[in-house]
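Peer 1: You'll find entry.pdb just under this line, and it carries PDB, C-alpha atoms and all ligand atoms.
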ATOM      1  CA  MET A   1      -7.494   0.320 -16.748
ATOM      2  CA  PRO A   2      -8.358  -2.453 -19.233
ATOM      3  CA  LEU A   3     -11.302  -4.739 -18.295
ATOM      4  CA  LYS A   4     -10.819  -8.305 -19.568
ATOM      5  CA  MET A   5     -13.745 -10.637 -18.841
ATOM      6  CA  GLY A   6     -14.780  -8.213 -16.107
ATOM      7  CA  VAL A   7     -11.281  -8.256 -14.583
ATOM      8  CA  ALA A   8      -9.479  -4.914 -14.327
ATOM      9  CA  THR A   9      -5.740  -4.390 -14.239
ATOM     10  CA  VAL A  10      -4.941  -1.158 -12.428
ATOM     11  CA  THR A  11      -1.390  -0.118 -13.250
ATOM     12  CA  MET A  12       0.035   2.645 -11.084
ATOM     13  CA  ASN A  13       1.996   5.051 -13.243
ATOM     14  CA  ARG A  14       3.504   7.933 -11.316
ATOM     15  CA  PRO A  15       7.218   7.951 -12.155
ATOM     16  CA  PRO A  16       9.747   7.552 -10.846
ATOM     17  CA  VAL A  17       8.592   5.445  -7.865
ATOM     18  CA  ASN A  18       4.762   5.636  -7.642
ATOM     19  CA  SER A  19       4.915   7.604  -4.420
ATOM     20  CA  LEU A  20       1.432   8.347  -3.160
ATOM     21  CA  ASN A  21       0.623  12.067  -3.204
ATOM     22  CA  THR A  22      -2.902  13.478  -2.832
ATOM     23  CA  GLU A  23      -3.550  13.470  -6.574
ATOM     24  CA  HIS A  24      -2.387   9.880  -7.064
ATOM     25  CA  LEU A  25      -4.457   8.752  -4.068
ATOM     26  CA  GLU A  26      -7.510  10.524  -5.501
ATOM     27  CA  THR A  27      -6.993   8.750  -8.815
ATOM     28  CA  LEU A  28      -6.803   5.370  -7.087
ATOM     29  CA  HIS A  29      -9.876   6.179  -4.993
ATOM     30  CA  ARG A  30     -11.902   7.187  -8.063
ATOM     31  CA  THR A  31     -10.756   4.037  -9.860
ATOM     32  CA  PHE A  32     -11.919   1.771  -7.022
ATOM     33  CA  ILE A  33     -15.305   3.544  -6.912
ATOM     34  CA  ARG A  34     -15.682   3.076 -10.670
ATOM     35  CA  LEU A  35     -14.799  -0.610 -10.497
ATOM     36  CA  GLU A  36     -17.408  -1.120  -7.808
ATOM     37  CA  ASN A  37     -20.067   0.743  -9.805
ATOM     38  CA  GLU A  38     -19.226  -1.239 -12.931
ATOM     39  CA  LYS A  39     -19.637  -4.515 -11.020
ATOM     40  CA  CYS A  40     -16.091  -5.541 -11.777
ATOM     41  CA  ARG A  41     -15.357  -9.280 -11.242
ATOM     42  CA  GLY A  42     -11.805  -8.838  -9.990
ATOM     43  CA  MET A  43      -8.884  -6.411  -9.890
ATOM     44  CA  ILE A  44      -5.128  -6.771 -10.253
ATOM     45  CA  LEU A  45      -3.108  -3.900  -8.794
ATOM     46  CA  THR A  46       0.366  -3.474 -10.236
ATOM     47  CA  SER A  47       2.892  -0.857 -11.355
ATOM     48  CA  SER A  48       4.344   0.383 -14.629
ATOM     49  CA  SER A  49       7.802   0.695 -13.047
ATOM     50  CA  PRO A  50      10.196  -2.181 -13.714
ATOM     51  CA  THR A  51      11.613  -1.980 -10.165
ATOM     52  CA  VAL A  52       9.130  -0.322  -7.812
ATOM     53  CA  PHE A  53       5.544  -1.294  -6.954
ATOM     54  CA  SER A  54       5.101   1.844  -4.840
ATOM     55  CA  ALA A  55       7.562   3.765  -2.639
ATOM     56  CA  GLY A  56       4.724   4.501  -0.217
ATOM     57  CA  LEU A  57       3.437   7.876   0.818
ATOM     58  CA  ASP A  58       5.019  10.817  -0.925
ATOM     59  CA  ILE A  59       7.277  12.131   1.815
ATOM     60  CA  ARG A  60       7.100  15.613   0.303
ATOM     61  CA  GLU A  61       3.398  15.728   1.293
ATOM     62  CA  MET A  62       4.505  15.389   4.922
ATOM     63  CA  TYR A  63       7.572  17.623   4.842
ATOM     64  CA  LYS A  64       6.826  21.252   5.783
ATOM     65  CA  PRO A  65       3.204  20.955   4.628
ATOM     66  CA  GLU A  66       0.396  23.485   4.930
ATOM     67  CA  LEU A  67      -2.044  22.342   7.591
ATOM     68  CA  GLU A  68      -5.116  22.050   5.340
ATOM     69  CA  LYS A  69      -3.166  20.298   2.576
ATOM     70  CA  ALA A  70      -1.797  17.785   5.086
ATOM     71  CA  ARG A  71      -5.337  17.123   6.386
ATOM     72  CA  LYS A  72      -6.627  16.630   2.861
ATOM     73  CA  PHE A  73      -3.740  14.293   2.044
ATOM     74  CA  TRP A  74      -4.495  12.104   5.062
ATOM     75  CA  ARG A  75      -8.265  12.027   4.483
ATOM     76  CA  THR A  76      -7.690  11.043   0.858
ATOM     77  CA  LEU A  77      -5.428   8.213   1.977
ATOM     78  CA  GLN A  78      -8.138   7.040   4.391
ATOM     79  CA  ASP A  79     -10.818   7.235   1.644
ATOM     80  CA  MET A  80      -8.700   5.295  -0.814
ATOM     81  CA  TRP A  81      -7.857   2.589   1.716
ATOM     82  CA  LEU A  82     -11.450   2.198   2.961
ATOM     83  CA  LYS A  83     -12.611   1.608  -0.634
ATOM     84  CA  LEU A  84      -9.857  -0.845  -1.466
ATOM     85  CA  TYR A  85      -9.978  -2.810   1.775
ATOM     86  CA  SER A  86     -13.782  -3.187   1.608
ATOM     87  CA  SER A  87     -14.023  -3.816  -2.135
ATOM     88  CA  PRO A  88     -16.815  -6.262  -3.009
ATOM     89  CA  TYR A  89     -14.761  -7.741  -5.860
ATOM     90  CA  PRO A  90     -11.671  -9.977  -5.396
ATOM     91  CA  THR A  91      -8.350  -8.148  -5.404
ATOM     92  CA  VAL A  92      -4.756  -9.224  -6.066
ATOM     93  CA  ALA A  93      -1.523  -7.274  -5.760
ATOM     94  CA  ALA A  94       0.998  -8.183  -8.452
ATOM     95  CA  ILE A  95       4.017  -6.823  -6.597
ATOM     96  CA  ASN A  96       6.482  -6.319  -9.420
ATOM     97  CA  GLY A  97       8.941  -4.188  -7.427
ATOM     98  CA  HIS A  98       9.786  -2.768  -4.008
ATOM     99  CA  ALA A  99       6.845  -2.037  -1.727
ATOM    100  CA  PRO A 100       7.865  -0.113   1.402
ATOM    101  CA  ALA A 101       5.425   1.477   3.878
ATOM    102  CA  GLY A 102       2.335   2.812   2.045
ATOM    103  CA  GLY A 103       3.286   0.558  -0.899
ATOM    104  CA  CYS A 104       3.156  -2.412   1.434
ATOM    105  CA  LEU A 105      -0.209  -1.172   2.764
ATOM    106  CA  LEU A 106      -1.647  -1.161  -0.764
ATOM    107  CA  SER A 107      -0.635  -4.773  -1.284
ATOM    108  CA  LEU A 108      -1.797  -5.838   2.199
ATOM    109  CA  SER A 109      -5.198  -4.359   1.389
ATOM    110  CA  CYS A 110      -5.640  -6.774  -1.492
ATOM    111  CA  GLU A 111      -6.782 -10.335  -0.795
ATOM    112  CA  TYR A 112      -3.923 -12.141  -2.493
ATOM    113  CA  ARG A 113      -0.310 -11.175  -3.129
ATOM    114  CA  VAL A 114       2.177 -12.380  -5.728
ATOM    115  CA  ILE A 115       5.705 -10.957  -5.704
ATOM    116  CA  VAL A 116       8.711 -11.057  -8.029
ATOM    117  CA  PRO A 117      12.140 -12.168  -6.694
ATOM    118  CA  LYS A 118      14.798  -9.836  -5.276
ATOM    119  CA  VAL A 119      12.538  -7.022  -4.077
ATOM    120  CA  ARG A 120      11.723  -5.833  -0.577
ATOM    121  CA  MET A 121       8.453  -5.059   1.119
ATOM    122  CA  GLY A 122       7.361  -4.138   4.630
ATOM    123  CA  LEU A 123       6.142  -1.439   6.970
ATOM    124  CA  ASN A 124       9.461   0.330   7.549
ATOM    125  CA  GLU A 125       8.034   3.476   9.196
ATOM    126  CA  THR A 126       9.894   2.972  12.508
ATOM    127  CA  GLN A 127      13.173   3.224  10.626
ATOM    128  CA  LEU A 128      12.124   6.660   9.371
ATOM    129  CA  GLY A 129      11.224   7.826  12.887
ATOM    130  CA  ILE A 130       7.507   7.786  12.108
ATOM    131  CA  VAL A 131       4.832   5.402  13.310
ATOM    132  CA  ALA A 132       2.681   3.211  11.100
ATOM    133  CA  PRO A 133      -0.936   4.112  11.943
ATOM    134  CA  GLN A 134      -3.055   1.550  13.752
ATOM    135  CA  TRP A 135      -4.903   0.531  10.576
ATOM    136  CA  PHE A 136      -1.601  -0.104   8.741
ATOM    137  CA  GLN A 137      -0.589  -2.256  11.710
ATOM    138  CA  ASP A 138      -3.946  -4.084  11.658
ATOM    139  CA  CYS A 139      -3.442  -4.979   7.985
ATOM    140  CA  MET A 140      -0.031  -6.477   8.755
ATOM    141  CA  ARG A 141      -1.410  -8.353  11.770
ATOM    142  CA  ASN A 142      -4.306  -9.725   9.687
ATOM    143  CA  ALA A 143      -1.820 -11.046   7.119
ATOM    144  CA  ILE A 144       0.955 -12.557   9.255
ATOM    145  CA  GLY A 145      -0.444 -12.818  12.785
ATOM    146  CA  GLU A 146       0.142 -10.974  16.026
ATOM    147  CA  ARG A 147       3.649 -12.121  16.970
ATOM    148  CA  GLU A 148       5.307 -11.736  13.570
ATOM    149  CA  ALA A 149       3.536  -8.398  13.000
ATOM    150  CA  GLU A 150       4.725  -7.030  16.348
ATOM    151  CA  LYS A 151       8.324  -7.981  15.590
ATOM    152  CA  ALA A 152       8.161  -6.617  12.048
ATOM    153  CA  LEU A 153       6.534  -3.321  13.021
ATOM    154  CA  ILE A 154       8.792  -2.581  15.972
ATOM    155  CA  ALA A 155      11.855  -3.137  13.799
ATOM    156  CA  GLY A 156      10.375  -1.506  10.677
ATOM    157  CA  ARG A 157      11.480  -4.664   8.918
ATOM    158  CA  MET A 158      11.726  -4.870   5.154
ATOM    159  CA  PHE A 159      11.272  -8.475   3.998
ATOM    160  CA  SER A 160      12.967  -9.995   0.965
ATOM    161  CA  SER A 161      10.592 -11.778  -1.437
ATOM    162  CA  GLU A 162      11.617 -15.140  -0.013
ATOM    163  CA  GLU A 163      11.188 -13.978   3.602
ATOM    164  CA  ALA A 164       7.812 -12.472   2.726
ATOM    165  CA  LEU A 165       6.657 -15.830   1.365
ATOM    166  CA  LYS A 166       7.943 -17.702   4.400
ATOM    167  CA  VAL A 167       6.151 -15.458   6.895
ATOM    168  CA  GLY A 168       2.901 -15.366   4.859
ATOM    169  CA  LEU A 169       3.182 -11.726   3.852
ATOM    170  CA  VAL A 170       2.749 -12.858   0.243
ATOM    171  CA  ASP A 171       1.044 -15.934  -1.188
ATOM    172  CA  GLU A 172       3.328 -16.722  -4.129
ATOM    173  CA  ILE A 173       6.588 -15.784  -5.817
ATOM    174  CA  ALA A 174       6.626 -15.416  -9.600
ATOM    175  CA  GLN A 175       9.753 -15.285 -11.732
ATOM    176  CA  ASN A 176       8.882 -11.986 -13.413
ATOM    177  CA  LYS A 177       6.046  -9.500 -13.895
ATOM    178  CA  GLU A 178       4.414 -11.534 -16.659
ATOM    179  CA  GLU A 179       4.223 -14.610 -14.456
ATOM    180  CA  CYS A 180       3.069 -12.415 -11.580
ATOM    181  CA  ILE A 181       0.071 -11.311 -13.652
ATOM    182  CA  GLN A 182      -0.603 -14.896 -14.769
ATOM    183  CA  LYS A 183      -0.666 -16.055 -11.149
ATOM    184  CA  ALA A 184      -2.890 -13.124 -10.211
ATOM    185  CA  GLU A 185      -5.277 -14.063 -13.019
ATOM    186  CA  ALA A 186      -5.252 -17.687 -11.863
ATOM    187  CA  PHE A 187      -6.273 -16.575  -8.355
ATOM    188  CA  LEU A 188      -9.111 -14.486  -9.778
ATOM    189  CA  ALA A 189     -10.211 -17.403 -11.991
ATOM    190  CA  SER A 190     -10.322 -19.613  -8.880
ATOM    191  CA  GLN A 191     -12.801 -17.154  -7.345
ATOM    192  CA  ALA A 192     -14.960 -16.650 -10.412
ATOM    193  CA  ASN A 193     -17.481 -19.415  -9.737
ATOM    194  CA  LEU A 194     -18.081 -18.554  -6.113
ATOM    195  CA  PRO A 195     -21.434 -16.886  -5.396
ATOM    196  CA  MET A 196     -20.470 -13.190  -5.292
ATOM    197  CA  LEU A 197     -22.788 -12.156  -2.451
ATOM    198  CA  ALA A 198     -21.650 -14.924  -0.121
ATOM    199  CA  ARG A 199     -18.014 -14.300  -1.005
ATOM    200  CA  LYS A 200     -18.258 -10.573  -0.394
ATOM    201  CA  THR A 201     -20.149 -11.070   2.894
ATOM    202  CA  VAL A 202     -17.475 -13.387   4.290
ATOM    203  CA  LYS A 203     -14.688 -11.023   3.167
ATOM    204  CA  LEU A 204     -16.348  -8.040   4.828
ATOM    205  CA  GLY A 205     -17.012 -10.100   7.955
ATOM    206  CA  PHE A 206     -13.293 -10.788   8.289
ATOM    207  CA  ARG A 207     -12.377  -7.157   7.568
ATOM    208  CA  HIS A 208     -15.173  -5.539   9.563
ATOM    209  CA  GLN A 209     -13.252  -4.921  12.780
ATOM    210  CA  THR A 210     -10.282  -3.340  11.005
ATOM    211  CA  LEU A 211     -12.546  -1.147   8.870
ATOM    212  CA  SER A 212     -14.736  -0.088  11.822
ATOM    213  CA  ARG A 213     -11.720   0.915  13.849
ATOM    214  CA  LEU A 214     -10.828   3.550  11.268
ATOM    215  CA  LEU A 215     -14.410   4.482  10.356
ATOM    216  CA  THR A 216     -15.283   5.273  13.960
ATOM    217  CA  GLY A 217     -12.022   7.075  14.615
ATOM    218  CA  ARG A 218     -11.241   8.940  11.409
ATOM    219  CA  GLU A 219     -10.974  12.374  12.947
ATOM    220  CA  ALA A 220      -8.852  11.077  15.815
ATOM    221  CA  ASP A 221      -6.607   9.265  13.342
ATOM    222  CA  THR A 222      -6.197  12.473  11.302
ATOM    223  CA  LYS A 223      -5.359  14.427  14.450
ATOM    224  CA  ILE A 224      -2.728  11.872  15.468
ATOM    225  CA  PHE A 225      -1.146  12.190  12.004
ATOM    226  CA  ILE A 226      -1.185  15.991  12.039
ATOM    227  CA  ASP A 227       0.111  16.314  15.605
ATOM    228  CA  TYR A 228       2.854  13.828  14.838
ATOM    229  CA  ILE A 229       4.187  15.205  11.584
ATOM    230  CA  PHE A 230       4.163  18.816  12.760
ATOM    231  CA  GLN A 231       6.663  18.036  15.530
ATOM    232  CA  PRO A 232      10.012  19.709  14.749
ATOM    233  CA  LYS A 233      12.021  16.545  15.399
ATOM    234  CA  VAL A 234       9.808  14.554  13.024
ATOM    235  CA  GLN A 235      10.234  17.270  10.378
ATOM    236  CA  LYS A 236      13.998  17.118  10.877
ATOM    237  CA  GLY A 237      13.923  13.338  10.441
ATOM    238  CA  LEU A 238      11.894  13.622   7.214
ATOM    239  CA  GLU A 239      14.281  16.278   5.906
ATOM    240  CA  MET A 240      17.267  14.040   6.509
ATOM    241  CA  TYR A 241      15.524  11.064   4.952
ATOM    242  CA  LEU A 242      14.619  13.053   1.827
ATOM    243  CA  GLN A 243      18.199  14.258   1.583
ATOM    244  CA  SER A 244      19.524  10.716   1.877
ATOM    245  CA  LEU A 245      17.207   9.579  -0.933
ATOM    246  CA  SER A 246      18.287  12.500  -3.168
ATOM    247  CA  LYS A 247      21.994  11.980  -2.402
ATOM    248  CA  LYS A 248      21.588   8.368  -3.473
ATOM    249  CA  ALA A 249      20.249   9.567  -6.824
ATOM    250  CA  ALA A 250      23.109  12.089  -7.294
TER
HETATM  251  C1  LIG A 301       2.668   9.475  11.085
HETATM  252  C2  LIG A 301       3.029   9.198   9.671
HETATM  253  C3  LIG A 301       2.497   7.907   9.172
HETATM  254  C4  LIG A 301       2.993   7.632   7.795
HETATM  255  C5  LIG A 301       2.693   6.358   7.281
HETATM  256  C6  LIG A 301       3.300   5.809   6.165
HETATM  257  C7  LIG A 301       4.540   6.365   5.709
HETATM  258  C8  LIG A 301       5.060   6.147   4.320
HETATM  259  O1  LIG A 301       4.568   5.506   3.417
HETATM  260  S1  LIG A 301       6.448   7.060   4.216
HETATM  261  C9  LIG A 301       7.236   6.538   2.755
HETATM  262  C10 LIG A 301       8.200   5.469   3.081
HETATM  263  N1  LIG A 301       8.876   5.070   1.915
HETATM  264  C11 LIG A 301      10.160   4.732   1.902
HETATM  265  O2  LIG A 301      10.839   4.707   2.902
HETATM  266  C12 LIG A 301      10.736   4.401   0.570
HETATM  267  C13 LIG A 301      11.766   5.391   0.178
HETATM  268  N2  LIG A 301      12.272   5.088  -1.139
HETATM  269  C14 LIG A 301      13.121   4.084  -1.386
HETATM  270  O3  LIG A 301      13.534   3.318  -0.553
HETATM  271  C15 LIG A 301      13.600   3.961  -2.816
HETATM  272  O4  LIG A 301      13.276   5.141  -3.478
HETATM  273  C16 LIG A 301      12.964   2.773  -3.578
HETATM  274  C17 LIG A 301      13.552   1.457  -3.045
HETATM  275  C18 LIG A 301      11.468   2.755  -3.482
HETATM  276  C19 LIG A 301      13.343   2.903  -5.079
HETATM  277  O5  LIG A 301      14.748   3.030  -5.209
HETATM  278  P1  LIG A 301      15.367   3.622  -6.555
HETATM  279  O6  LIG A 301      14.726   3.017  -7.723
HETATM  280  O7  LIG A 301      16.847   3.492  -6.396
HETATM  281  O8  LIG A 301      14.897   5.149  -6.586
HETATM  282  P2  LIG A 301      15.522   6.385  -5.776
HETATM  283  O9  LIG A 301      15.689   6.037  -4.337
HETATM  284  O10 LIG A 301      16.717   6.888  -6.498
HETATM  285  O11 LIG A 301      14.328   7.435  -5.851
HETATM  286  C20 LIG A 301      14.035   8.105  -7.068
HETATM  287  C21 LIG A 301      13.421   9.455  -6.719
HETATM  288  O12 LIG A 301      12.211   9.244  -5.994
HETATM  289  C22 LIG A 301      12.262   9.930  -4.734
HETATM  290  N3  LIG A 301      11.519   9.149  -3.729
HETATM  291  C23 LIG A 301      11.694   7.867  -3.400
HETATM  292  N4  LIG A 301      10.788   7.471  -2.475
HETATM  293  C24 LIG A 301      10.021   8.561  -2.226
HETATM  294  C25 LIG A 301       8.894   8.798  -1.373
HETATM  295  N5  LIG A 301       8.358   7.837  -0.590
HETATM  296  N6  LIG A 301       8.362  10.033  -1.372
HETATM  297  C26 LIG A 301       8.867  11.016  -2.158
HETATM  298  N7  LIG A 301       9.930  10.850  -2.992
HETATM  299  C27 LIG A 301      10.485   9.642  -3.020
HETATM  300  C28 LIG A 301      13.751  10.021  -4.424
HETATM  301  O13 LIG A 301      13.999  11.052  -3.534
HETATM  302  C29 LIG A 301      14.310  10.293  -5.803
HETATM  303  O14 LIG A 301      14.021  11.641  -6.087
HETATM  304  P3  LIG A 301      15.071  12.571  -6.881
HETATM  305  O15 LIG A 301      16.311  12.628  -6.041
HETATM  306  O16 LIG A 301      14.392  13.887  -6.990
HETATM  307  O17 LIG A 301      15.271  11.889  -8.189
END
What does this structure look like when you write it as structure tokens?
Ligand SMILES: CCCC/C=C\CC(=O)SCCNC(=O)CCNC(=O)[C@H](O)C(C)(C)COP(=O)(O)OP(=O)(O)OC[C@H]1O[C@@H](n2cnc3c(N)ncnc32)[C@H](O)[C@@H]1OP(=O)(O)O
Peer 2:
Amino acid sequence: MPLKMGVATVTMNRPPVNSLNTEHLETLHRTFIRLENEKCRGMILTSSSPTVFSAGLDIREMYKPELEKARKFWRTLQDMWLKLYSSPYPTVAAINGHAPAGGCLLSLSCEYRVIVPKVRMGLNETQLGIVAPQWFQDCMRNAIGEREAEKALIAGRMFSSEEALKVGLVDEIAQNKEECIQKAEAFLASQANLPMLARKTVKLGFRHQTLSRLLTGREADTKIFIDYIFQPKVQKGLEMYLQSLSKKAA
């Protein structure tokens, strides 16, 4: 995590697809805490993979899990997201590859999004037979508005880079990762002279409702997750999805 002029570039590096397991989520959570403590001036979130930003939650954490491990996984996801979404410093996602589901959530939790061409992003949970939690849905709604979010979430739509720009899911398209980072840096530079306290207060004001909804309902949210994934038909769906991903690789 190099800090250049107070700006940190956080590069996710969990091959092959940066899927988010408990350990990876803990690492991200710790990183965001550290950046806050070190009074970081801005953060760029990106990936070391040439084709994938993040494949979302690690499906293996949800497939035939032990109860306590599944609870821990979900609480860690909540912790990580609460830190990122409420970060006092400006944040940009340099989306240098595909960003389905939890990968899309990570980018939606940043303030500004730049994407490379020919990749897909979106909350595709419906297509997997699972339901994007309310706070995932809120993040999408906050980015693209009620009507577009409802359509996208019901369909589990994955947007192309161009479609994402058109609907406001991302702010810019860059030609490649290098330009993505340059554009991310330009956004952070545009924020650098704003009074930090005022900036942070306005950001948190806009995000307050979405954050409070999870903060006041964390246990209920965890219970919904646990009750849902332990259903046999959901487990069957995850099994088939994992098999389809593995078959593709074979
Ligand atoms: C109530 C529940 C709420 C849950 C809320 C959120 C849910 C999620 O975030 S669920 C995760 C949803 N993610 C996806 O649907 C993405 C699935 N992956 C893909 O579409 C592709 O892998 C991707 C486009 C990201 C990359 O494509 P490729 O570069 O062609 O890679 P492969 O598909 O060959 O995958 C390589 C390798 O990684 C495994 N993999 C991929 N995604 C995941 C994942 N999300 N979790 C765990 N493992 C994943 C894939 O099976 C391959 O493994 P091997 O066969 O062992 O090599």
Peer 1: Write out as a tab-separated table a residue-level contact list of chain A versus ligand LIG 301 (chain A) with cut-off 6 Å: for each qualifying residue the closest pair of atoms and the distance in Å to one decimal, counting all atoms listed in the file, rows sorted by chain and residue number upward.
Peer 2:
residue	atom	partner	partner_atom	distance
A:Pro16	CA	A:LIG301	O12	5.7
A:Val17	CA	A:LIG301	O12	5.6
A:Ser19	CA	A:LIG301	C25	5.2
A:Val52	CA	A:LIG301	C18	5.8
A:Ala55	CA	A:LIG301	C18	4.1
A:Gly56	CA	A:LIG301	O1	3.8
A:Leu57	CA	A:LIG301	O1	3.7
A:Asp58	CA	A:LIG301	N6	3.5
A:Ile59	CA	A:LIG301	N6	4.0
A:Arg60	CA	A:LIG301	C26	5.5
A:His98	CA	A:LIG301	C17	5.7
A:Pro100	CA	A:LIG301	N1	5.3
A:Ala101	CA	A:LIG301	O1	4.1
A:Gly102	CA	A:LIG301	O1	3.8
A:Glu125	CA	A:LIG301	C7	5.7
A:Ile130	CA	A:LIG301	C1	5.2
A:Val131	CA	A:LIG301	C1	5.1
A:Ala132	CA	A:LIG301	C5	4.9
A:Pro133	CA	A:LIG301	C3	5.8
A:Phe225	CA	A:LIG301	C1	4.8
A:Tyr228	CA	A:LIG301	C1	5.8
A:Ile229	CA	A:LIG301	C1	5.9
A:Leu242	CA	A:LIG301	O13	5.8
A:Leu245	CA	A:LIG301	O13	4.4
A:Ser246	CA	A:LIG301	O15	3.5
A:Lys248	CA	A:LIG301	O10	5.9
A:Ala249	CA	A:LIG301	O10	4.4
Peer 1: Separation of CA of Val92 in chain A and CA of Met62 in chain A, in Å?
Peer 2: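 So the answer is 28.5 Å.
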Peer 1: Between A:Leu211, A:Leu25, A:Cys110, A:Val116, which has the minimum distance to Lys72 in chain A (counting all atoms listed in the file)?
Peer 2: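 Once distances to Lys72 in chain A are computed over all atoms listed in the file, the minimum belongs to A:Leu25.
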Peer 1: If you apply the PyMOL selection byres (((chain A and resi 34) around 12) and not hetatm) to this file, what residues do you get, as JSON, numbers by chain?
Peer 2: {"A": [1, 3, 8, 10, 27, 28, 29, 30, 31, 32, 33, 35, 36, 37, 38, 39, 40, 43, 83, 84, 87, 89]}
Peer 1: Do you know which residues are at most 8 Å from range 169-180 of chain A counting all atoms listed in the file, after dropping those on the same chain fewer than 3 positions away, and could you put them as a CSV table (one decimal) with C-alpha atoms, in the frame of the given file?
Peer 2:
chain,number,residue,atom,x,y,z
A,94,ALA,CA,1.0,-8.2,-8.5
A,95,ILE,CA,4.0,-6.8,-6.6
A,96,ASN,CA,6.5,-6.3,-9.4
A,108,LEU,CA,-1.8,-5.8,2.2
A,112,TYR,CA,-3.9,-12.1,-2.5
A,113,ARG,CA,-0.3,-11.2,-3.1
A,114,VAL,CA,2.2,-12.4,-5.7
A,115,ILE,CA,5.7,-11.0,-5.7
A,116,VAL,CA,8.7,-11.1,-8.0
A,117,PRO,CA,12.1,-12.2,-6.7
A,140,MET,CA,0.0,-6.5,8.8
A,143,ALA,CA,-1.8,-11.0,7.1
A,144,ILE,CA,1.0,-12.6,9.3
A,161,SER,CA,10.6,-11.8,-1.4
A,162,GLU,CA,11.6,-15.1,0.0
A,164,ALA,CA,7.8,-12.5,2.7
A,165,LEU,CA,6.7,-15.8,1.4
A,166,LYS,CA,7.9,-17.7,4.4
A,183,LYS,CA,-0.7,-16.1,-11.1
A,184,ALA,CA,-2.9,-13.1,-10.2
Peer 1: Calculated over all atoms listed in the file, which of the candidates A:Gly217, A:Pro65, A:Pro90, A:Gly103 has the smallest distance to Ser47 in chain A?
Peer 2: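 Result for the nearest residue to Ser47 in chain A: A:Gly103.
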Peer 1: So, counting only C-alpha atoms, which residue among A:Thr22, A:Ser86, A:Thr222, A:Ser244 is closest to Gln209 in chain A?
Peer 2: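 The closest residue to Gln209 in chain A is A:Ser86.
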Peer 1: Could you tell me which of A:Glu239, A:Glu68, A:Glu61, A:Glu163 comes closest to Lys118 in chain A if we count only C-alpha atoms?
Peer 2: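 Counting only C-alpha atoms, the residue closest to Lys118 in chain A is A:Glu163.
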Peer 1: Between A:Ala220, A:Leu105, A:Pro232, A:Thr201, which one has atoms that come closest to Ala93 in chain A, using all atoms listed in the file?
Peer 2: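 Closest to Ala93 in chain A, using all atoms listed in the file: A:Leu105.
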Peer 1: Which is closer to Ala198 in chain A than all the others in A:Pro88, A:Gly145, A:Gly129, A:Gly122, using only C-alpha atoms?
Peer 2: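 Smallest separation from Ala198 in chain A among the options: A:Pro88.
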Peer 1: On this structure, the PyMOL selection byres (((chain A and resi 141) around 12) and not hetatm) would catch which residues? List them as a list in words, sorted by chain and number.
Peer 2: Leu105, Leu108, Ser109, Leu123, Gln134, Trp135, Phe136, Gln137, Asp138, Cys139, Met140, Asn142, Ala143, Ile144, Gly145, Glu146, Arg147, Glu148, Ala149, Glu150, Lys151, Ala152, Leu153, Val167, Gly168, Leu169, Arg207 and Thr210 of chain A
Peer 1: Kindly give the distance, in Å, that separates CA of Leu194 in chain A and CA of Gly42 in chain A, rounded to a single decimal.
Peer 2: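 Taking CA of Leu194 in chain A as the start and CA of Gly42 in chain A as the end point, the length is 12.2 Å.
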Peer 1: Rounded to one decimal, what separation in Å do you get between CA of Met158 in chain A and CA of Arg14 in chain A?
Peer 2: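 Going from CA of Met158 in chain A over to CA of Arg14 in chain A covers 22.4 Å.
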Peer 1: Can you tell me which residues surround Asn13 in chain A at a distance of at most 10 Å, considering all atoms listed in the file, apart from same-chain residues fewer than 5 positions away, and format the answer as a ChimeraX atom specification?
Peer 2: /A:18-19,24,46-49,53-54
